[in-house]
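Quick notes on the structure that follows.
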Amino acid sequence: MSQYAKELEVAQLAVQRAAILTKRVFHEKAKGTVSKDDKSPVTIGDFGAQALIISALKANFPEDEIVAEEEADRLRGDPQLQDTIWELVRSTGLDDPAAERLLGGALADKAAMLDVLDMGKSQGGARGRIWAIDPIDGTKGFLRGGQYAVCLGLMVDGDVKVGVLGCPNLPVDDAAPLTADMGAEGQTDDEGRGVLFSAVLGQGAASRPLGTGALVEPRKRIAMRPIEEMAGATFCESVESGHSNQGESAQIAQRLSITNPSVRMDSQAKYGSIARGAGDIYLRLPTSKTYQEKIWDHAAGDLIVREAGGQVTDTLGRRLDFSKGRTLAENKGVVAAPAAVHGQVLKVVREVLKL
Ligand SMILES: Nc1ncnc2c1ncn2[C@@H]1O[C@H](COP(=O)(O)O)[C@@H](O)[C@H]1OP(=O)(O)O
Ligand SMILES: [Mg+2]
Ligand SMILES: [Mg+2]
Ligand SMILES: [Mg+2]
């Protein structure tokens, strides 16, 4: 059995199960939004998906630490919200009994769900096995029916070894071209959509359809598209102008003679998209001096892109450092591109950003 085979299997099934819940929330509940203290939109989907993922991890790897985005605190004083989430968590499972058994089956009760939600408070760091979870990355995309991702990465001693991204609204087909409206909104039909990206360090990156039971076979290798002419490359960038500087991105594209419009989409679906050659370059250009990127927003995507033949650094050319705690405290922004042209892209990024 290859290294991390069990982790890879559990991670993919856990993400797949959590995505069943997020899709249910979108379709059945249509926007059960609550707002967190920081006012970011967080839904019952975030809590429900996080509970399902942590419970699968704890059933298989009880000793491992977990860094997860959400915490149960704000749920404890809200019994109604607890009930809504519990009803969803209780009734969501994979439709393959063996796969569901592998994830430990259903949680015992609502109290167990709250406890599990709070198991994601590890401070992270450079030692041991630590999972990073973003139960819904791109909450804004999720709410508007655009792109979002269920994200899970395993770090060992600060290095990402396994990464899984579930992208329910991306086309299943790895060869499907990106269209400008892809990220935007209104993806209410699941037909032809849903992809599960995965990678293990040193073993390449792959995709398969995002299913609802056992993992869909085969798992197909993915690779970035070789860039022959920089002018023909396509940028992927955030929808939210507050998350990445779109003006600087346009200047960089211009200096690289890129004329294709950037494709805007929320979430780590950007990393998955460039990893399979639907799009080429992902830039995340800081909009604030103080914002520190969170490890759960990058762990899986960073590995998937690197294993697909890409290079991922920050805007100063440093590898993303996942060993510094819950944030990428030693990094600023992200530059992800095919390895062969990464240096050329980074040079222009530094010129435009005056770094
Ligand atoms: N100022 C910021 N700069 C970069 N990323 C941010 C900023 N504020 C929030 N984010 C995070 O960006 C991610 C989505 O990015 P994208 O634009 O690529 O979809 C979310 O996880 C969000 O975190 P949060 O969950 O705290 O809102
Ligand atoms: Mg959030
Ligand atoms: Mg996120
Ligand atoms: Mg999130």
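Each chain in the structure tokens gets a letter, A, B and so on, in the order shown; residues start at 1 in every chain, and ligands are counted from 1 in the order they appear.
Near A:Ala269, within a cut-off of 8 Å and counting only C-alpha atoms, sit the residues Gln147, Tyr148, Ala149, Leu165, Cys167, Leu170, Met265 and Ser273 of chain A, with same-chain residues fewer than 4 positions away left out.
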Please list as a list in words every residue within 9 Å of stretch 344-348 of chain A, counting only C-alpha atoms and excluding residues in the same chain fewer than 2 positions away.
Ile252, Ala253, Arg255, Leu256, Ile281, Thr313, Asp314, Thr315, Leu316, Gly317, Val335, Ala336, Ala337, Ala340, Val341, His342, Arg350, Glu351, Val352 and Leu353 of chain A
Write to file, as a CSV table (one decimal), in the first residue's frame, the residues of the selection just made, with C-alpha atoms.
```csv
chain,number,residue,atom,x,y,z
A,252,ILE,CA,0.6,42.1,-14.3
A,253,ALA,CA,-1.4,40.5,-17.0
A,255,ARG,CA,3.0,43.3,-18.7
A,256,LEU,CA,2.9,39.6,-19.5
A,281,ILE,CA,-2.0,31.2,-13.2
A,313,THR,CA,5.1,30.7,-3.6
A,314,ASP,CA,4.1,33.9,-2.0
A,315,THR,CA,4.6,37.3,-3.7
A,316,LEU,CA,8.2,37.3,-2.5
A,317,GLY,CA,9.0,33.9,-3.9
A,335,VAL,CA,1.7,33.2,-6.9
A,336,ALA,CA,0.8,29.8,-8.4
A,337,ALA,CA,1.9,29.0,-12.0
A,340,ALA,CA,8.4,26.4,-16.1
A,341,VAL,CA,7.0,30.0,-16.1
A,342,HIS,CA,6.7,30.7,-12.4
A,350,ARG,CA,7.5,41.9,-7.8
A,351,GLU,CA,7.9,44.7,-10.3
A,352,VAL,CA,4.3,45.7,-10.2
A,353,LEU,CA,4.0,45.3,-6.4
```
Please identify all polymer residues within 12 Å of A:Leu210, counting only C-alpha atoms, omitting same-chain residues fewer than 4 positions from it, and present them as an mmCIF file with N, CA and C atoms, in the first residue's frame.
```cif
data_model
loop_
_atom_site.group_PDB
_atom_site.id
_atom_site.type_symbol
_atom_site.label_atom_id
_atom_site.label_comp_id
_atom_site.auth_asym_id
_atom_site.auth_seq_id
_atom_site.Cartn_x
_atom_site.Cartn_y
_atom_site.Cartn_z
ATOM 1 N N GLN A 12 -10.859 11.750 1.126
ATOM 2 C CA GLN A 12 -11.757 11.922 -0.027
ATOM 3 C C GLN A 12 -13.198 11.586 0.347
ATOM 4 N N LEU A 13 -13.376 10.498 1.088
ATOM 5 C CA LEU A 13 -14.750 10.130 1.470
ATOM 6 C C LEU A 13 -15.347 11.167 2.421
ATOM 7 N N ALA A 14 -14.512 11.678 3.321
ATOM 8 C CA ALA A 14 -15.011 12.673 4.286
ATOM 9 C C ALA A 14 -15.439 13.943 3.563
ATOM 10 N N VAL A 15 -14.649 14.356 2.579
ATOM 11 C CA VAL A 15 -14.995 15.562 1.807
ATOM 12 C C VAL A 15 -16.257 15.291 0.983
ATOM 13 N N GLN A 16 -16.326 14.111 0.410
ATOM 14 C CA GLN A 16 -17.493 13.776 -0.410
ATOM 15 C C GLN A 16 -18.772 13.797 0.437
ATOM 16 N N ARG A 17 -18.686 13.228 1.639
ATOM 17 C CA ARG A 17 -19.870 13.207 2.509
ATOM 18 C C ARG A 17 -20.256 14.628 2.928
ATOM 19 N N ALA A 18 -19.240 15.434 3.265
ATOM 20 C CA ALA A 18 -19.534 16.815 3.674
ATOM 21 C C ALA A 18 -20.176 17.595 2.525
ATOM 22 N N ALA A 19 -19.748 17.291 1.291
ATOM 23 C CA ALA A 19 -20.301 18.001 0.133
ATOM 24 C C ALA A 19 -21.764 17.607 -0.105
ATOM 25 N N ILE A 20 -22.130 16.403 0.282
ATOM 26 C CA ILE A 20 -23.555 16.031 0.173
ATOM 27 C C ILE A 20 -24.362 16.981 1.058
ATOM 28 N N LYS A 23 -24.518 20.582 -0.402
ATOM 29 C CA LYS A 23 -25.464 20.652 -1.534
ATOM 30 C C LYS A 23 -26.902 20.616 -1.032
ATOM 31 N N LEU A 94 -23.046 8.793 3.336
ATOM 32 C CA LEU A 94 -22.730 8.255 2.013
ATOM 33 C C LEU A 94 -23.709 7.126 1.715
ATOM 34 N N ALA A 149 -15.556 25.344 -2.209
ATOM 35 C CA ALA A 149 -14.807 24.098 -2.082
ATOM 36 C C ALA A 149 -14.843 23.612 -0.646
ATOM 37 N N VAL A 150 -14.923 22.299 -0.491
ATOM 38 C CA VAL A 150 -14.764 21.658 0.812
ATOM 39 C C VAL A 150 -13.312 21.188 0.855
ATOM 40 N N VAL A 164 -7.076 17.355 -0.332
ATOM 41 C CA VAL A 164 -8.315 17.000 -1.031
ATOM 42 C C VAL A 164 -9.201 18.241 -1.118
ATOM 43 N N LEU A 165 -9.735 18.481 -2.317
ATOM 44 C CA LEU A 165 -10.684 19.584 -2.541
ATOM 45 C C LEU A 165 -11.932 19.026 -3.200
ATOM 46 N N GLY A 166 -13.074 19.242 -2.586
ATOM 47 C CA GLY A 166 -14.331 18.890 -3.226
ATOM 48 C C GLY A 166 -14.958 20.161 -3.789
ATOM 49 N N CYS A 167 -15.187 20.180 -5.087
ATOM 50 C CA CYS A 167 -15.733 21.382 -5.750
ATOM 51 C C CYS A 167 -17.053 21.028 -6.421
ATOM 52 N N PRO A 168 -18.174 21.163 -5.699
ATOM 53 C CA PRO A 168 -19.464 20.690 -6.210
ATOM 54 C C PRO A 168 -19.954 21.407 -7.457
ATOM 55 N N ASN A 169 -19.498 22.637 -7.703
ATOM 56 C CA ASN A 169 -20.028 23.390 -8.837
ATOM 57 C C ASN A 169 -19.062 23.550 -10.007
ATOM 58 N N LEU A 170 -17.913 22.873 -9.948
ATOM 59 C CA LEU A 170 -17.031 22.888 -11.121
ATOM 60 C C LEU A 170 -17.468 21.774 -12.057
ATOM 61 N N PRO A 171 -17.214 21.920 -13.378
ATOM 62 C CA PRO A 171 -17.550 20.831 -14.299
ATOM 63 C C PRO A 171 -16.787 19.554 -13.928
ATOM 64 N N VAL A 172 -17.435 18.414 -14.082
ATOM 65 C CA VAL A 172 -16.764 17.137 -13.843
ATOM 66 C C VAL A 172 -15.582 16.999 -14.814
ATOM 67 N N ASP A 173 -15.800 17.420 -16.025
ATOM 68 C CA ASP A 173 -14.847 17.212 -17.112
ATOM 69 C C ASP A 173 -13.594 18.062 -16.925
ATOM 70 N N ASP A 190 -27.064 20.308 -10.639
ATOM 71 C CA ASP A 190 -25.867 19.523 -10.349
ATOM 72 C C ASP A 190 -25.387 18.705 -11.546
ATOM 73 N N GLU A 191 -26.203 18.624 -12.593
ATOM 74 C CA GLU A 191 -25.878 17.798 -13.753
ATOM 75 C C GLU A 191 -24.526 18.188 -14.366
ATOM 76 N N GLY A 192 -23.620 17.211 -14.485
ATOM 77 C CA GLY A 192 -22.315 17.492 -15.106
ATOM 78 C C GLY A 192 -21.352 18.242 -14.207
ATOM 79 N N ARG A 193 -21.716 18.440 -12.964
ATOM 80 C CA ARG A 193 -20.868 19.199 -12.048
ATOM 81 C C ARG A 193 -20.449 18.362 -10.846
ATOM 82 N N GLY A 194 -19.326 18.759 -10.266
ATOM 83 C CA GLY A 194 -18.852 18.143 -9.038
ATOM 84 C C GLY A 194 -17.572 17.365 -9.279
ATOM 85 N N VAL A 195 -16.464 17.879 -8.719
ATOM 86 C CA VAL A 195 -15.183 17.203 -8.916
ATOM 87 C C VAL A 195 -14.431 17.138 -7.592
ATOM 88 N N LEU A 196 -13.733 16.014 -7.428
ATOM 89 C CA LEU A 196 -12.961 15.773 -6.212
ATOM 90 C C LEU A 196 -11.492 15.732 -6.624
ATOM 91 N N PHE A 197 -10.739 16.768 -6.233
ATOM 92 C CA PHE A 197 -9.303 16.809 -6.528
ATOM 93 C C PHE A 197 -8.556 16.209 -5.342
ATOM 94 N N SER A 198 -7.425 15.560 -5.643
ATOM 95 C CA SER A 198 -6.631 15.021 -4.536
ATOM 96 C C SER A 198 -5.167 14.927 -4.933
ATOM 97 N N ALA A 214 -19.453 5.256 -2.581
ATOM 98 C CA ALA A 214 -18.049 4.859 -2.680
ATOM 99 C C ALA A 214 -17.368 5.825 -3.651
ATOM 100 N N LEU A 215 -16.032 5.906 -3.576
ATOM 101 C CA LEU A 215 -15.317 6.815 -4.479
ATOM 102 C C LEU A 215 -15.529 6.376 -5.928
ATOM 103 N N VAL A 216 -15.767 7.341 -6.797
ATOM 104 C CA VAL A 216 -16.018 7.042 -8.214
ATOM 105 C C VAL A 216 -14.690 6.703 -8.893
ATOM 106 N N GLU A 217 -14.652 5.537 -9.557
ATOM 107 C CA GLU A 217 -13.445 5.136 -10.275
ATOM 108 C C GLU A 217 -13.569 5.520 -11.748
ATOM 109 N N PRO A 218 -12.486 5.757 -12.462
ATOM 110 C CA PRO A 218 -11.116 5.795 -11.941
ATOM 111 C C PRO A 218 -10.758 7.180 -11.423
ATOM 112 N N ARG A 219 -9.663 7.209 -10.662
ATOM 113 C CA ARG A 219 -9.065 8.471 -10.261
ATOM 114 C C ARG A 219 -8.052 8.810 -11.350
#
```
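Taking only C-alpha atoms, the non-local environment of A:Asp95 within 9 Å (same-chain residues fewer than 5 positions away omitted) comprises Glu100, Thr212, Gly213 and Ala214 of chain A.
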Export of prior selection with N, CA and C atoms as a compact mmCIF listing (two decimals), in the first residue's frame:
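Result went into again00.txt, see below:
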```
# COMPACT_ATOMS: atom_id res chain seq x y z
N GLU A 100 -19.55 4.46 4.37
CA GLU A 100 -20.09 5.15 5.54
C GLU A 100 -19.52 4.54 6.82
N THR A 212 -21.61 10.26 -4.37
CA THR A 212 -22.41 10.29 -3.14
C THR A 212 -22.27 9.00 -2.34
N GLY A 213 -21.40 8.09 -2.81
CA GLY A 213 -21.24 6.82 -2.09
C GLY A 213 -19.79 6.43 -2.01
N ALA A 214 -19.45 5.26 -2.58
CA ALA A 214 -18.05 4.86 -2.68
C ALA A 214 -17.37 5.82 -3.65
```
10 Å from ligand 1 is the threshold here; counting only C-alpha atoms and all ligand atoms, which polymer residues fall inside it? Answer as a ChimeraX atom specification.
/A:36,38-42,69-70,134-142,147-149,183,236-245,264-271,282-298,332-334
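You will find atom CA of A:Val305 at 7.7 Å from atom CA of A:Met224.
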Would you give me, as a PyMOL selection string, the residues in stretch 168-310 of chain A that DSSP reads as strand (DSSP E)?
chain A and resi 168-171+193-200+205-209+220-222+235-237+263-264+281-284+310
Selection file, N, CA and C atoms, as a compact mmCIF listing (two decimals), in the first residue's frame:
```txt
# COMPACT_ATOMS: atom_id res chain seq x y z
N PRO A 168 -18.17 21.16 -5.70
CA PRO A 168 -19.46 20.69 -6.21
C PRO A 168 -19.95 21.41 -7.46
N ASN A 169 -19.50 22.64 -7.70
CA ASN A 169 -20.03 23.39 -8.84
C ASN A 169 -19.06 23.55 -10.01
N LEU A 170 -17.91 22.87 -9.95
CA LEU A 170 -17.03 22.89 -11.12
C LEU A 170 -17.47 21.77 -12.06
N PRO A 171 -17.21 21.92 -13.38
CA PRO A 171 -17.55 20.83 -14.30
C PRO A 171 -16.79 19.55 -13.93
N ARG A 193 -21.72 18.44 -12.96
CA ARG A 193 -20.87 19.20 -12.05
C ARG A 193 -20.45 18.36 -10.85
N GLY A 194 -19.33 18.76 -10.27
CA GLY A 194 -18.85 18.14 -9.04
C GLY A 194 -17.57 17.37 -9.28
N VAL A 195 -16.46 17.88 -8.72
CA VAL A 195 -15.18 17.20 -8.92
C VAL A 195 -14.43 17.14 -7.59
N LEU A 196 -13.73 16.01 -7.43
CA LEU A 196 -12.96 15.77 -6.21
C LEU A 196 -11.49 15.73 -6.62
N PHE A 197 -10.74 16.77 -6.23
CA PHE A 197 -9.30 16.81 -6.53
C PHE A 197 -8.56 16.21 -5.34
N SER A 198 -7.42 15.56 -5.64
CA SER A 198 -6.63 15.02 -4.54
C SER A 198 -5.17 14.93 -4.93
N ALA A 199 -4.31 14.92 -3.93
CA ALA A 199 -2.88 14.74 -4.17
C ALA A 199 -2.21 14.19 -2.92
N VAL A 200 -1.19 13.40 -3.14
CA VAL A 200 -0.32 12.97 -2.05
C VAL A 200 1.09 13.40 -2.44
N ALA A 205 -1.07 14.42 -8.69
CA ALA A 205 -2.41 14.94 -8.39
C ALA A 205 -3.41 14.26 -9.30
N ALA A 206 -4.67 14.21 -8.85
CA ALA A 206 -5.68 13.49 -9.61
C ALA A 206 -7.04 14.13 -9.40
N SER A 207 -7.99 13.72 -10.24
CA SER A 207 -9.37 14.13 -10.03
C SER A 207 -10.28 12.95 -10.31
N ARG A 208 -11.46 13.03 -9.79
CA ARG A 208 -12.51 12.05 -10.07
C ARG A 208 -13.84 12.76 -9.84
N PRO A 209 -14.92 12.24 -10.41
CA PRO A 209 -16.21 12.88 -10.13
C PRO A 209 -16.52 12.83 -8.64
N LYS A 220 -8.25 9.95 -12.00
CA LYS A 220 -7.42 10.28 -13.18
C LYS A 220 -6.36 11.31 -12.85
N ARG A 221 -5.14 11.06 -13.35
CA ARG A 221 -4.05 12.02 -13.14
C ARG A 221 -4.39 13.35 -13.80
N ILE A 222 -4.06 14.43 -13.15
CA ILE A 222 -4.22 15.74 -13.77
C ILE A 222 -2.86 16.44 -13.83
N PHE A 235 -5.50 33.89 -16.34
CA PHE A 235 -5.44 34.07 -14.88
C PHE A 235 -6.74 33.61 -14.24
N CYS A 236 -6.63 33.04 -13.05
CA CYS A 236 -7.79 32.83 -12.18
C CYS A 236 -7.62 33.78 -11.00
N GLU A 237 -8.68 34.41 -10.60
CA GLU A 237 -8.56 35.31 -9.45
C GLU A 237 -9.86 35.35 -8.65
N VAL A 263 -10.42 34.84 -15.21
CA VAL A 263 -11.63 34.13 -14.79
C VAL A 263 -11.75 34.29 -13.28
N ARG A 264 -12.85 34.86 -12.86
CA ARG A 264 -13.05 35.11 -11.43
C ARG A 264 -13.92 34.02 -10.84
N ILE A 281 -2.77 30.41 -14.22
CA ILE A 281 -2.03 31.16 -13.20
C ILE A 281 -3.02 31.69 -12.18
N TYR A 282 -2.69 31.48 -10.90
CA TYR A 282 -3.53 32.01 -9.82
C TYR A 282 -2.71 32.99 -9.01
N LEU A 283 -3.16 34.23 -8.98
CA LEU A 283 -2.48 35.25 -8.17
C LEU A 283 -3.41 35.69 -7.05
N ARG A 284 -2.86 35.81 -5.87
CA ARG A 284 -3.59 36.36 -4.72
C ARG A 284 -2.73 37.49 -4.19
N GLY A 310 3.05 22.37 -10.89
CA GLY A 310 3.11 23.81 -10.67
C GLY A 310 4.10 24.18 -9.59
```
Residue contacts of A:Glu229 (12 Å, only C-alpha atoms) excluding same-chain residues fewer than 2 positions away, as a ChimeraX atom specification:
/A:225-227,231-234,256-259,280,340-341
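Coordinates place atom CA of A:Ser2 at a distance of 19.0 Å from atom CA of A:Ala300.
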